[in-house]
$ cat query39.pdb   # PDB, C-alpha atoms
ATOM      1  CA  MET A   1      46.300 128.996  24.241
ATOM      2  CA  SER A   2      46.839 132.370  22.629
ATOM      3  CA  ALA A   3      47.826 132.500  18.965
ATOM      4  CA  THR A   4      50.042 135.535  19.719
ATOM      5  CA  MET A   5      52.111 133.713  22.328
ATOM      6  CA  PRO A   6      55.861 134.208  21.763
ATOM      7  CA  GLN A   7      57.551 131.131  20.369
ATOM      8  CA  SER A   8      60.424 131.548  22.848
ATOM      9  CA  ALA A   9      58.148 130.124  25.540
ATOM     10  CA  PHE A  10      58.471 126.757  23.890
ATOM     11  CA  ASP A  11      62.160 126.169  23.374
ATOM     12  CA  SER A  12      62.879 122.443  23.495
ATOM     13  CA  ARG A  13      65.010 122.568  26.646
ATOM     14  CA  ARG A  14      62.296 124.292  28.673
ATOM     15  CA  LEU A  15      59.680 121.859  27.402
ATOM     16  CA  SER A  16      61.958 118.964  28.367
ATOM     17  CA  ILE A  17      62.235 120.322  31.919
ATOM     18  CA  PHE A  18      58.470 120.804  32.095
ATOM     19  CA  ARG A  19      57.904 117.231  30.915
ATOM     20  CA  ALA A  20      60.363 115.818  33.465
ATOM     21  CA  VAL A  21      58.600 117.588  36.336
ATOM     22  CA  ALA A  22      55.152 116.567  35.086
ATOM     23  CA  GLU A  23      56.106 112.897  34.759
ATOM     24  CA  ALA A  24      58.032 112.790  38.048
ATOM     25  CA  GLY A  25      55.267 114.492  40.035
ATOM     26  CA  SER A  26      57.534 116.915  41.871
ATOM     27  CA  ILE A  27      60.045 119.695  41.195
ATOM     28  CA  SER A  28      62.867 117.917  43.019
ATOM     29  CA  ALA A  29      62.392 114.577  41.237
ATOM     30  CA  GLY A  30      62.093 116.330  37.878
ATOM     31  CA  ALA A  31      65.283 118.262  38.580
ATOM     32  CA  ARG A  32      67.186 115.008  39.132
ATOM     33  CA  ARG A  33      65.970 113.686  35.790
ATOM     34  CA  VAL A  34      67.335 116.673  33.863
ATOM     35  CA  PHE A  35      70.455 117.085  36.025
ATOM     36  CA  LEU A  36      69.572 120.579  37.295
ATOM     37  CA  SER A  37      69.291 122.012  40.762
ATOM     38  CA  GLN A  38      65.830 122.326  42.257
ATOM     39  CA  PRO A  39      65.921 126.181  42.235
ATOM     40  CA  ALA A  40      66.981 126.241  38.576
ATOM     41  CA  THR A  41      64.226 123.804  37.624
ATOM     42  CA  SER A  42      61.629 125.752  39.590
ATOM     43  CA  ALA A  43      62.735 128.952  37.869
ATOM     44  CA  GLN A  44      62.356 127.376  34.418
ATOM     45  CA  ILE A  45      58.815 126.243  35.262
ATOM     46  CA  GLN A  46      57.898 129.703  36.573
ATOM     47  CA  GLN A  47      59.267 131.353  33.441
ATOM     48  CA  LEU A  48      57.268 128.969  31.276
ATOM     49  CA  GLU A  49      54.087 129.733  33.210
ATOM     50  CA  GLN A  50      54.747 133.462  32.906
ATOM     51  CA  LYS A  51      55.202 133.152  29.143
ATOM     52  CA  VAL A  52      52.060 131.051  28.809
ATOM     53  CA  GLY A  53      50.081 133.275  31.147
ATOM     54  CA  ARG A  54      48.476 130.322  32.916
ATOM     55  CA  ALA A  55      49.375 127.990  35.780
ATOM     56  CA  LEU A  56      50.601 124.626  34.557
ATOM     57  CA  PHE A  57      50.834 122.939  37.961
ATOM     58  CA  GLU A  58      48.909 122.858  41.204
ATOM     59  CA  ARG A  59      51.516 122.792  43.964
ATOM     60  CA  SER A  60      51.207 121.111  47.358
ATOM     61  CA  ALA A  61      53.432 119.659  50.069
ATOM     62  CA  ARG A  62      53.170 116.274  48.344
ATOM     63  CA  GLY A  63      54.412 117.538  44.983
ATOM     64  CA  VAL A  64      52.816 118.992  41.869
ATOM     65  CA  ARG A  65      49.770 118.053  39.804
ATOM     66  CA  LEU A  66      49.017 119.222  36.282
ATOM     67  CA  THR A  67      46.284 121.745  35.647
ATOM     68  CA  ALA A  68      44.075 121.313  32.581
ATOM     69  CA  ALA A  69      46.418 123.604  30.633
ATOM     70  CA  GLY A  70      49.432 121.670  31.904
ATOM     71  CA  ALA A  71      47.961 118.337  30.818
ATOM     72  CA  GLU A  72      47.330 119.746  27.359
ATOM     73  CA  LEU A  73      50.865 121.088  27.099
ATOM     74  CA  LEU A  74      52.366 117.785  28.299
ATOM     75  CA  ASP A  75      50.828 115.990  25.342
ATOM     76  CA  TYR A  76      52.446 118.488  22.974
ATOM     77  CA  ALA A  77      55.793 118.294  24.830
ATOM     78  CA  ARG A  78      55.895 114.530  24.368
ATOM     79  CA  ARG A  79      55.110 114.849  20.690
ATOM     80  CA  VAL A  80      57.826 117.499  20.266
ATOM     81  CA  GLU A  81      60.390 115.156  21.880
ATOM     82  CA  ALA A  82      59.363 112.305  19.589
ATOM     83  CA  LEU A  83      59.587 114.551  16.522
ATOM     84  CA  LEU A  84      63.039 115.803  17.504
ATOM     85  CA  GLN A  85      64.310 112.241  17.876
ATOM     86  CA  GLU A  86      62.742 111.291  14.559
ATOM     87  CA  ALA A  87      64.326 114.297  12.834
ATOM     88  CA  ALA A  88      67.754 113.520  14.278
ATOM     89  CA  ALA A  89      67.529 109.870  13.225
ATOM     90  CA  ALA A  90      66.476 110.898   9.728
ATOM     91  CA  VAL A  91      69.316 113.343   8.993
ATOM     92  CA  MET A  92      72.238 112.006  11.013
ATOM     93  CA  PRO A  93      74.432 109.082   9.907
ATOM     94  CA  GLU A  94      73.043 105.667  10.772
ATOM     95  CA  LYS A  95      75.865 104.966  13.208
ATOM     96  CA  ALA A  96      75.525 108.239  15.111
ATOM     97  CA  PRO A  97      73.867 107.619  18.504
ATOM     98  CA  VAL A  98      71.050 109.920  19.535
ATOM     99  CA  GLY A  99      70.160 109.378  23.183
ATOM    100  CA  PRO A 100      68.698 108.667  25.488
ATOM    101  CA  LEU A 101      66.964 105.456  24.508
ATOM    102  CA  ILE A 102      64.010 105.099  26.880
ATOM    103  CA  LEU A 103      62.425 101.673  27.302
ATOM    104  CA  ALA A 104      60.161  99.862  29.739
ATOM    105  CA  ALA A 105      59.912  96.173  30.578
ATOM    106  CA  SER A 106      58.103  93.946  33.011
ATOM    107  CA  THR A 107      60.271  92.609  35.825
ATOM    108  CA  THR A 108      61.172  89.178  34.457
ATOM    109  CA  ILE A 109      62.053  90.577  31.038
ATOM    110  CA  ALA A 110      64.018  93.459  32.570
ATOM    111  CA  THR A 111      66.142  90.934  34.473
ATOM    112  CA  TYR A 112      66.649  88.125  31.977
ATOM    113  CA  ILE A 113      66.081  89.549  28.465
ATOM    114  CA  MET A 114      66.716  93.292  28.275
ATOM    115  CA  PRO A 115      70.317  93.554  29.582
ATOM    116  CA  GLN A 116      71.731  91.296  26.850
ATOM    117  CA  LEU A 117      69.502  92.835  24.179
ATOM    118  CA  ILE A 118      70.590  96.367  25.125
ATOM    119  CA  ALA A 119      74.249  95.317  25.245
ATOM    120  CA  ASP A 120      74.025  93.820  21.746
ATOM    121  CA  PHE A 121      72.304  96.956  20.426
ATOM    122  CA  LEU A 122      74.926  99.302  21.894
ATOM    123  CA  LYS A 123      77.682  97.124  20.459
ATOM    124  CA  SER A 124      76.057  97.471  17.035
ATOM    125  CA  VAL A 125      75.304 101.205  16.955
ATOM    126  CA  GLY A 126      77.662 102.770  19.514
ATOM    127  CA  HIS A 127      77.358 103.718  23.156
ATOM    128  CA  PHE A 128      74.838 106.274  24.462
ATOM    129  CA  SER A 129      72.481 106.776  27.377
ATOM    130  CA  VAL A 130      69.777 104.156  28.013
ATOM    131  CA  ARG A 131      66.978 104.355  30.582
ATOM    132  CA  LEU A 132      65.038 101.183  31.381
ATOM    133  CA  LYS A 133      61.912 101.567  33.498
ATOM    134  CA  VAL A 134      60.801  98.401  35.294
ATOM    135  CA  GLY A 135      57.311  97.487  36.446
ATOM    136  CA  ASN A 136      54.689  94.806  36.036
ATOM    137  CA  SER A 137      52.957  94.295  32.696
ATOM    138  CA  THR A 138      50.033  96.552  33.572
ATOM    139  CA  GLN A 139      52.342  99.420  34.529
ATOM    140  CA  VAL A 140      54.454  99.088  31.372
ATOM    141  CA  ILE A 141      51.368  99.264  29.169
ATOM    142  CA  GLU A 142      50.156 102.343  31.070
ATOM    143  CA  TRP A 143      53.538 104.063  30.638
ATOM    144  CA  VAL A 144      53.467 103.500  26.880
ATOM    145  CA  GLU A 145      49.873 104.689  26.567
ATOM    146  CA  GLN A 146      50.638 107.784  28.667
ATOM    147  CA  GLY A 147      53.649 108.599  26.498
ATOM    148  CA  THR A 148      56.155 108.243  29.366
ATOM    149  CA  VAL A 149      58.112 105.683  27.327
ATOM    150  CA  PRO A 150      57.934 105.049  23.564
ATOM    151  CA  LEU A 151      58.352 101.252  23.650
ATOM    152  CA  GLY A 152      57.783  98.480  26.178
ATOM    153  CA  LEU A 153      58.169  94.714  26.426
ATOM    154  CA  VAL A 154      55.774  92.651  28.561
ATOM    155  CA  GLU A 155      54.791  89.077  29.338
ATOM    156  CA  GLY A 156      51.407  87.449  29.359
ATOM    157  CA  PRO A 157      47.967  88.418  28.051
ATOM    158  CA  SER A 158      46.618  91.912  28.431
ATOM    159  CA  ASP A 159      43.493  93.965  27.918
ATOM    160  CA  GLN A 160      45.471  96.889  26.554
ATOM    161  CA  GLY A 161      43.696 100.017  25.364
ATOM    162  CA  ARG A 162      45.276 102.459  22.906
ATOM    163  CA  SER A 163      48.492 100.452  22.504
ATOM    164  CA  ARG A 164      48.973  97.302  20.459
ATOM    165  CA  LEU A 165      50.889  94.145  21.316
ATOM    166  CA  GLU A 166      53.337  92.586  18.859
ATOM    167  CA  PRO A 167      54.665  89.071  19.659
ATOM    168  CA  TYR A 168      58.433  88.922  20.146
ATOM    169  CA  LEU A 169      59.604  85.726  21.864
ATOM    170  CA  ASP A 170      57.970  82.486  22.968
ATOM    171  CA  ASP A 171      58.445  81.246  26.505
ATOM    172  CA  GLU A 172      57.250  78.431  28.718
ATOM    173  CA  ILE A 173      56.212  78.769  32.342
ATOM    174  CA  VAL A 174      57.425  75.787  34.355
ATOM    175  CA  ALA A 175      56.132  74.398  37.644
ATOM    176  CA  VAL A 176      59.206  73.961  39.869
ATOM    177  CA  VAL A 177      60.184  72.859  43.363
ATOM    178  CA  ALA A 178      63.465  72.635  45.240
ATOM    179  CA  ALA A 179      65.553  69.572  44.434
ATOM    180  CA  ARG A 180      65.739  68.568  48.110
ATOM    181  CA  PRO A 181      62.884  66.701  49.862
ATOM    182  CA  GLN A 182      59.700  68.703  50.398
ATOM    183  CA  LYS A 183      57.334  68.997  53.353
ATOM    184  CA  PHE A 184      54.399  68.599  50.951
ATOM    185  CA  CYS A 185      53.426  65.927  48.450
ATOM    186  CA  LEU A 186      54.516  66.708  44.926
ATOM    187  CA  PRO A 187      51.498  66.994  42.611
ATOM    188  CA  LYS A 188      51.309  64.422  39.831
ATOM    189  CA  ASN A 189      48.331  66.020  38.117
ATOM    190  CA  ALA A 190      46.529  69.329  38.064
ATOM    191  CA  ALA A 191      43.849  68.213  40.518
ATOM    192  CA  ALA A 192      46.495  67.521  43.185
ATOM    193  CA  LEU A 193      47.420  71.221  43.225
ATOM    194  CA  ASP A 194      44.397  71.764  45.503
ATOM    195  CA  GLU A 195      46.513  70.319  48.340
ATOM    196  CA  THR A 196      49.781  71.974  47.394
ATOM    197  CA  PRO A 197      50.947  75.453  48.458
ATOM    198  CA  ILE A 198      51.514  77.672  45.420
ATOM    199  CA  ILE A 199      53.854  80.671  45.322
ATOM    200  CA  TRP A 200      52.185  83.340  43.181
ATOM    201  CA  ARG A 201      53.343  86.579  41.625
ATOM    202  CA  GLU A 202      51.296  89.705  42.386
ATOM    203  CA  SER A 203      47.861  89.940  40.770
ATOM    204  CA  SER A 204      48.919  92.423  38.037
ATOM    205  CA  SER A 205      51.850  90.264  36.887
ATOM    206  CA  GLY A 206      51.758  88.822  33.371
ATOM    207  CA  THR A 207      53.082  85.476  34.644
ATOM    208  CA  ARG A 208      50.382  85.362  37.305
ATOM    209  CA  LYS A 209      47.633  85.970  34.740
ATOM    210  CA  VAL A 210      48.835  83.130  32.498
ATOM    211  CA  VAL A 211      49.090  80.622  35.356
ATOM    212  CA  GLU A 212      45.882  81.669  37.087
ATOM    213  CA  ARG A 213      43.885  81.426  33.871
ATOM    214  CA  ALA A 214      45.250  77.953  33.014
ATOM    215  CA  LEU A 215      44.577  76.587  36.501
ATOM    216  CA  ARG A 216      41.111  78.081  36.626
ATOM    217  CA  GLU A 217      40.172  76.591  33.247
ATOM    218  CA  ASN A 218      41.636  73.124  33.954
ATOM    219  CA  THR A 219      41.010  72.550  37.666
ATOM    220  CA  GLY A 220      39.131  75.478  39.122
ATOM    221  CA  ARG A 221      42.157  76.081  41.399
ATOM    222  CA  ARG A 222      42.362  79.651  42.668
ATOM    223  CA  PRO A 223      44.636  81.374  45.180
ATOM    224  CA  ALA A 224      44.069  79.820  48.606
ATOM    225  CA  PRO A 225      44.688  81.045  52.194
ATOM    226  CA  LEU A 226      47.891  78.998  52.625
ATOM    227  CA  ASP A 227      49.398  80.131  49.324
ATOM    228  CA  LEU A 228      52.148  82.740  49.202
ATOM    229  CA  GLU A 229      52.609  85.832  47.033
ATOM    230  CA  PHE A 230      55.873  87.503  46.056
ATOM    231  CA  GLY A 231      56.507  90.532  43.869
ATOM    232  CA  SER A 232      59.299  89.287  41.620
ATOM    233  CA  THR A 233      60.621  86.232  39.822
ATOM    234  CA  GLY A 234      63.802  86.329  41.898
ATOM    235  CA  ALA A 235      61.849  86.285  45.147
ATOM    236  CA  ILE A 236      59.794  83.294  43.997
ATOM    237  CA  LYS A 237      62.978  81.418  43.073
ATOM    238  CA  GLU A 238      64.343  81.963  46.572
ATOM    239  CA  ALA A 239      61.041  80.844  48.119
ATOM    240  CA  VAL A 240      61.078  77.688  45.993
ATOM    241  CA  LEU A 241      64.664  76.931  47.024
ATOM    242  CA  LEU A 242      63.565  77.245  50.663
ATOM    243  CA  GLY A 243      60.882  74.636  50.083
ATOM    244  CA  LEU A 244      57.898  76.923  50.637
ATOM    245  CA  GLY A 245      55.823  75.552  47.770
ATOM    246  CA  VAL A 246      55.452  75.115  44.032
ATOM    247  CA  GLY A 247      56.496  78.088  41.940
ATOM    248  CA  PHE A 248      55.556  78.815  38.346
ATOM    249  CA  LEU A 249      58.534  80.461  36.669
ATOM    250  CA  PRO A 250      59.596  81.327  33.099
ATOM    251  CA  ARG A 251      62.017  78.736  31.744
ATOM    252  CA  ARG A 252      64.264  81.540  30.475
ATOM    253  CA  ALA A 253      64.647  82.728  34.082
ATOM    254  CA  ILE A 254      65.650  79.387  35.633
ATOM    255  CA  GLN A 255      68.036  77.840  33.112
ATOM    256  CA  ALA A 256      71.026  78.079  35.469
ATOM    257  CA  GLU A 257      69.148  76.621  38.454
ATOM    258  CA  LEU A 258      67.804  73.738  36.359
ATOM    259  CA  ALA A 259      71.269  72.994  34.929
ATOM    260  CA  GLU A 260      72.789  72.994  38.432
ATOM    261  CA  ARG A 261      69.887  70.869  39.702
ATOM    262  CA  GLN A 262      69.030  73.273  42.462
ATOM    263  CA  ILE A 263      65.410  73.070  41.384
ATOM    264  CA  VAL A 264      63.480  70.511  39.358
ATOM    265  CA  ALA A 265      60.658  70.978  36.884
ATOM    266  CA  LEU A 266      57.404  69.123  37.481
ATOM    267  CA  GLU A 267      55.494  67.515  34.668
ATOM    268  CA  ILE A 268      51.863  67.971  35.660
ATOM    269  CA  ASP A 269      49.370  66.175  33.462
ATOM    270  CA  GLY A 270      46.813  68.433  31.844
ATOM    271  CA  LEU A 271      48.742  71.686  32.188
ATOM    272  CA  CYS A 272      50.787  73.477  29.549
ATOM    273  CA  PHE A 273      51.932  77.041  30.145
ATOM    274  CA  GLN A 274      52.991  78.699  26.890
ATOM    275  CA  ARG A 275      53.069  82.447  26.422
ATOM    276  CA  ASN A 276      54.600  85.271  24.410
ATOM    277  CA  TYR A 277      56.781  88.169  25.330
ATOM    278  CA  SER A 278      55.270  91.058  23.395
ATOM    279  CA  TRP A 279      56.255  94.579  22.455
ATOM    280  CA  VAL A 280      53.911  97.304  23.629
ATOM    281  CA  ILE A 281      53.702  99.803  20.789
ATOM    282  CA  PRO A 282      51.778 103.086  21.018
ATOM    283  CA  GLY A 283      48.935 103.922  18.657
ATOM    284  CA  ARG A 284      51.264 106.090  16.594
ATOM    285  CA  ASP A 285      54.207 104.659  14.655
ATOM    286  CA  LEU A 286      57.557 104.231  16.365
ATOM    287  CA  SER A 287      60.299 106.707  15.506
ATOM    288  CA  GLY A 288      63.874 107.586  16.372
ATOM    289  CA  LEU A 289      65.914 105.296  18.612
ATOM    290  CA  ALA A 290      62.878 103.320  19.760
ATOM    291  CA  GLN A 291      62.219 102.371  16.144
ATOM    292  CA  ARG A 292      65.869 101.386  15.549
ATOM    293  CA  PHE A 293      65.967  99.318  18.742
ATOM    294  CA  HIS A 294      62.733  97.536  17.869
ATOM    295  CA  ARG A 295      63.968  96.681  14.359
ATOM    296  CA  PHE A 296      67.302  95.436  15.755
ATOM    297  CA  ALA A 297      65.551  93.207  18.294
ATOM    298  CA  MET A 298      63.166  91.718  15.739
ATOM    299  CA  ARG A 299      66.034  90.889  13.361
ATOM    300  CA  GLY A 300      67.984  89.024  16.026
ATOM    301  CA  ARG A 301      65.245  87.230  17.972
ATOM    302  CA  VAL A 302      65.736  83.573  18.842
TER     303      VAL A 302
END
$ encode --input "query39.pdb" --output "structure tokens"
Amino acid sequence: MSATMPQSAFDSRRLSIFRAVAEAGSISAGARRVFLSQPATSAQIQQLEQKVGRALFERSARGVRLTAAGAELLDYARRVEALLQEAAAAVMPEKAPVGPLILAASTTIATYIMPQLIADFLKSVGHFSVRLKVGNSTQVIEWVEQGTVPLGLVEGPSDQGRSRLEPYLDDEIVAVVAARPQKFCLPKNAAALDETPIIWRESSSGTRKVVERALRENTGRRPAPLDLEFGSTGAIKEAVLLGLGVGFLPRRAIQAELAERQIVALEIDGLCFQRNYSWVIPGRDLSGLAQRFHRFAMRGRV
């Protein structure tokens, strides 16, 4: 990029609009993120491209895709946003909120951990905008590494790349069935699972990886043709309640159902499912609200 380029091309608002469009993959979706009309957003992108003197997007009927110059600028735009948040946190009073706080969490954590944690944080520091992106563990790690979110929380093991995992909470995965009589024999040991239908999470789920690894190492049991697969903890709970098979669910997610005796936990000899919930932290240090939220969570963990 030219060293004589006018600095006005890179005002923070225009860069924020550019980043929203780049991360959303379309002008219309980016416009919704920054609360502008589609024509106004398109005009801001065109003005930025005119100032830069190069196309930043390849446009098609399916949306937009970054050019090489656009990809390079997106990296800088993300760093500018992080620096602005860091600067605001450094000079403003500790109690002053600086939003939005952008986080990501895998589905189980987003349902059973994050809402209370966010509520406690807002009660401590004051109310402001929070955006929580939800996906499986693999997606959350990708979002952090791509710079889409500054901090994530995931379950299970991972072969993460540029990010690092920091343990946060311990959890236990429990084998459960409905409390009412079943159409299948309840397994008394790990070997008996060969004849029992299992309700799995999707293959990229952190819970699935923990369970699949433990079964493979102890019994050789792998997903079978008569097993089922559901994309969320809530869906597996419903399937278990309907008597469709054995589900493996985080204890933190089934406390109410266990207390009300809607489902029962199985004690299967030879199997122990322990795992961590872990923060996904980018290669660079945390800053701004993400840093404050992370420190608050670590102080109050139970």
$ resolve_selection --input "query39.pdb" --expression "the PyMOL selection byres ((chain A and resi 215-229) around 12)" --output "PDB file with C-alpha atoms, in the coordinates of the input"
ATOM      1  CA  ALA A 175      56.132  74.398  37.644  1.00  0.00           C
ATOM      2  CA  ASN A 189      48.331  66.020  38.117  1.00  0.00           C
ATOM      3  CA  ALA A 190      46.529  69.329  38.064  1.00  0.00           C
ATOM      4  CA  ALA A 191      43.849  68.213  40.518  1.00  0.00           C
ATOM      5  CA  ALA A 192      46.495  67.521  43.185  1.00  0.00           C
ATOM      6  CA  LEU A 193      47.420  71.221  43.225  1.00  0.00           C
ATOM      7  CA  ASP A 194      44.397  71.764  45.503  1.00  0.00           C
ATOM      8  CA  GLU A 195      46.513  70.319  48.340  1.00  0.00           C
ATOM      9  CA  THR A 196      49.781  71.974  47.394  1.00  0.00           C
ATOM     10  CA  PRO A 197      50.947  75.453  48.458  1.00  0.00           C
ATOM     11  CA  ILE A 198      51.514  77.672  45.420  1.00  0.00           C
ATOM     12  CA  ILE A 199      53.854  80.671  45.322  1.00  0.00           C
ATOM     13  CA  TRP A 200      52.185  83.340  43.181  1.00  0.00           C
ATOM     14  CA  ARG A 201      53.343  86.579  41.625  1.00  0.00           C
ATOM     15  CA  GLU A 202      51.296  89.705  42.386  1.00  0.00           C
ATOM     16  CA  SER A 203      47.861  89.940  40.770  1.00  0.00           C
ATOM     17  CA  SER A 204      48.919  92.423  38.037  1.00  0.00           C
ATOM     18  CA  SER A 205      51.850  90.264  36.887  1.00  0.00           C
ATOM     19  CA  ARG A 208      50.382  85.362  37.305  1.00  0.00           C
ATOM     20  CA  LYS A 209      47.633  85.970  34.740  1.00  0.00           C
ATOM     21  CA  VAL A 210      48.835  83.130  32.498  1.00  0.00           C
ATOM     22  CA  VAL A 211      49.090  80.622  35.356  1.00  0.00           C
ATOM     23  CA  GLU A 212      45.882  81.669  37.087  1.00  0.00           C
ATOM     24  CA  ARG A 213      43.885  81.426  33.871  1.00  0.00           C
ATOM     25  CA  ALA A 214      45.250  77.953  33.014  1.00  0.00           C
ATOM     26  CA  PHE A 230      55.873  87.503  46.056  1.00  0.00           C
ATOM     27  CA  GLY A 231      56.507  90.532  43.869  1.00  0.00           C
ATOM     28  CA  SER A 232      59.299  89.287  41.620  1.00  0.00           C
ATOM     29  CA  THR A 233      60.621  86.232  39.822  1.00  0.00           C
ATOM     30  CA  ALA A 235      61.849  86.285  45.147  1.00  0.00           C
ATOM     31  CA  ILE A 236      59.794  83.294  43.997  1.00  0.00           C
ATOM     32  CA  LYS A 237      62.978  81.418  43.073  1.00  0.00           C
ATOM     33  CA  ALA A 239      61.041  80.844  48.119  1.00  0.00           C
ATOM     34  CA  VAL A 240      61.078  77.688  45.993  1.00  0.00           C
ATOM     35  CA  GLY A 243      60.882  74.636  50.083  1.00  0.00           C
ATOM     36  CA  LEU A 244      57.898  76.923  50.637  1.00  0.00           C
ATOM     37  CA  GLY A 245      55.823  75.552  47.770  1.00  0.00           C
ATOM     38  CA  VAL A 246      55.452  75.115  44.032  1.00  0.00           C
ATOM     39  CA  GLY A 247      56.496  78.088  41.940  1.00  0.00           C
ATOM     40  CA  PHE A 248      55.556  78.815  38.346  1.00  0.00           C
ATOM     41  CA  ILE A 268      51.863  67.971  35.660  1.00  0.00           C
ATOM     42  CA  ASP A 269      49.370  66.175  33.462  1.00  0.00           C
ATOM     43  CA  GLY A 270      46.813  68.433  31.844  1.00  0.00           C
ATOM     44  CA  LEU A 271      48.742  71.686  32.188  1.00  0.00           C
ATOM     45  CA  CYS A 272      50.787  73.477  29.549  1.00  0.00           C
ATOM     46  CA  PHE A 273      51.932  77.041  30.145  1.00  0.00           C
TER      47      PHE A 273
END
$ atom_distance --input "query39.pdb" --atom1 "atom CA of A:Val149" --atom2 "atom CA of A:Lys133"
8.3 Å
$ residues_around --input "query39.pdb" --residues "stretch 257-266 of chain A" --least-positions-apart "4" --cutoff "8 Å" --atoms "all atoms listed in the file" --output "list in words"
Val174, Ala175, Val176, Val177, Ala178, Ala179, Val240 and Leu241 of chain A
$ residues_around --input "query39.pdb" --residues "stretch 26-31 of chain A" --least-positions-apart "5" --cutoff "6 Å" --atoms "only C-alpha atoms" --output "CSV table (one decimal) with C-alpha atoms, keeping the file's coordinate frame"
chain,number,residue,atom,x,y,z
A,20,ALA,CA,60.4,115.8,33.5
A,21,VAL,CA,58.6,117.6,36.3
A,36,LEU,CA,69.6,120.6,37.3
A,37,SER,CA,69.3,122.0,40.8
A,38,GLN,CA,65.8,122.3,42.3
A,41,THR,CA,64.2,123.8,37.6
A,63,GLY,CA,54.4,117.5,45.0
A,64,VAL,CA,52.8,119.0,41.9
$ atom_distance --input "query39.pdb" --atom1 "atom CA of A:Glu166" --atom2 "atom CA of A:Ile281"
7.5 Å
$ resolve_selection --input "query39.pdb" --expression "the PyMOL selection byres ((chain A and resi 70-82) around 9)" --output "PDB file with C-alpha atoms, keeping the file's coordinate frame"
ATOM      1  CA  PHE A  10      58.471 126.757  23.890  1.00  0.00           C
ATOM      2  CA  SER A  12      62.879 122.443  23.495  1.00  0.00           C
ATOM      3  CA  LEU A  15      59.680 121.859  27.402  1.00  0.00           C
ATOM      4  CA  SER A  16      61.958 118.964  28.367  1.00  0.00           C
ATOM      5  CA  PHE A  18      58.470 120.804  32.095  1.00  0.00           C
ATOM      6  CA  ARG A  19      57.904 117.231  30.915  1.00  0.00           C
ATOM      7  CA  ALA A  22      55.152 116.567  35.086  1.00  0.00           C
ATOM      8  CA  GLU A  23      56.106 112.897  34.759  1.00  0.00           C
ATOM      9  CA  ARG A  54      48.476 130.322  32.916  1.00  0.00           C
ATOM     10  CA  ALA A  55      49.375 127.990  35.780  1.00  0.00           C
ATOM     11  CA  LEU A  56      50.601 124.626  34.557  1.00  0.00           C
ATOM     12  CA  PHE A  57      50.834 122.939  37.961  1.00  0.00           C
ATOM     13  CA  ARG A  65      49.770 118.053  39.804  1.00  0.00           C
ATOM     14  CA  LEU A  66      49.017 119.222  36.282  1.00  0.00           C
ATOM     15  CA  THR A  67      46.284 121.745  35.647  1.00  0.00           C
ATOM     16  CA  ALA A  68      44.075 121.313  32.581  1.00  0.00           C
ATOM     17  CA  ALA A  69      46.418 123.604  30.633  1.00  0.00           C
ATOM     18  CA  LEU A  83      59.587 114.551  16.522  1.00  0.00           C
ATOM     19  CA  LEU A  84      63.039 115.803  17.504  1.00  0.00           C
ATOM     20  CA  GLN A  85      64.310 112.241  17.876  1.00  0.00           C
ATOM     21  CA  GLU A  86      62.742 111.291  14.559  1.00  0.00           C
ATOM     22  CA  ALA A  87      64.326 114.297  12.834  1.00  0.00           C
ATOM     23  CA  GLN A 146      50.638 107.784  28.667  1.00  0.00           C
ATOM     24  CA  GLY A 147      53.649 108.599  26.498  1.00  0.00           C
ATOM     25  CA  THR A 148      56.155 108.243  29.366  1.00  0.00           C
ATOM     26  CA  PRO A 150      57.934 105.049  23.564  1.00  0.00           C
ATOM     27  CA  LEU A 286      57.557 104.231  16.365  1.00  0.00           C
ATOM     28  CA  SER A 287      60.299 106.707  15.506  1.00  0.00           C
ATOM     29  CA  GLY A 288      63.874 107.586  16.372  1.00  0.00           C
TER      30      GLY A 288
END
$ atom_distance --input "query39.pdb" --atom1 "atom CA of A:Ala253" --atom2 "atom CA of A:Phe296"
22.5 Å
$ closest_residue --input "query39.pdb" --among "A:Ala24, A:Leu48, A:Ile173, A:Leu117" --to "A:Pro250" --atoms "only C-alpha atoms"
A:Ile173
$ decode --input "query39.pdb" --residues "stretch 35-42 of chain A" --atoms "N, CA and C atoms" --output "short mmCIF file (atom, residue, chain, number, x, y, z; two decimals), in the first residue's frame"
data_model
loop_
_atom_site.label_atom_id
_atom_site.label_comp_id
_atom_site.auth_asym_id
_atom_site.auth_seq_id
_atom_site.Cartn_x
_atom_site.Cartn_y
_atom_site.Cartn_z
N PHE A 35 -25.52 -1.55 12.05
CA PHE A 35 -26.76 -0.78 12.15
C PHE A 35 -26.82 0.36 11.13
N LEU A 36 -26.44 0.05 9.89
CA LEU A 36 -26.55 0.97 8.76
C LEU A 36 -27.42 0.35 7.68
N SER A 37 -27.90 1.18 6.78
CA SER A 37 -28.60 0.65 5.63
C SER A 37 -27.60 0.01 4.66
N GLN A 38 -28.10 -0.84 3.80
CA GLN A 38 -27.21 -1.48 2.83
C GLN A 38 -26.58 -0.45 1.88
N PRO A 39 -27.35 0.53 1.34
CA PRO A 39 -26.72 1.54 0.47
C PRO A 39 -25.63 2.34 1.18
N ALA A 40 -25.87 2.72 2.44
CA ALA A 40 -24.87 3.49 3.17
C ALA A 40 -23.61 2.66 3.41
N THR A 41 -23.78 1.39 3.71
CA THR A 41 -22.62 0.52 3.92
C THR A 41 -21.85 0.33 2.63
N SER A 42 -22.58 0.10 1.55
CA SER A 42 -21.93 -0.07 0.24
C SER A 42 -21.15 1.18 -0.15
#
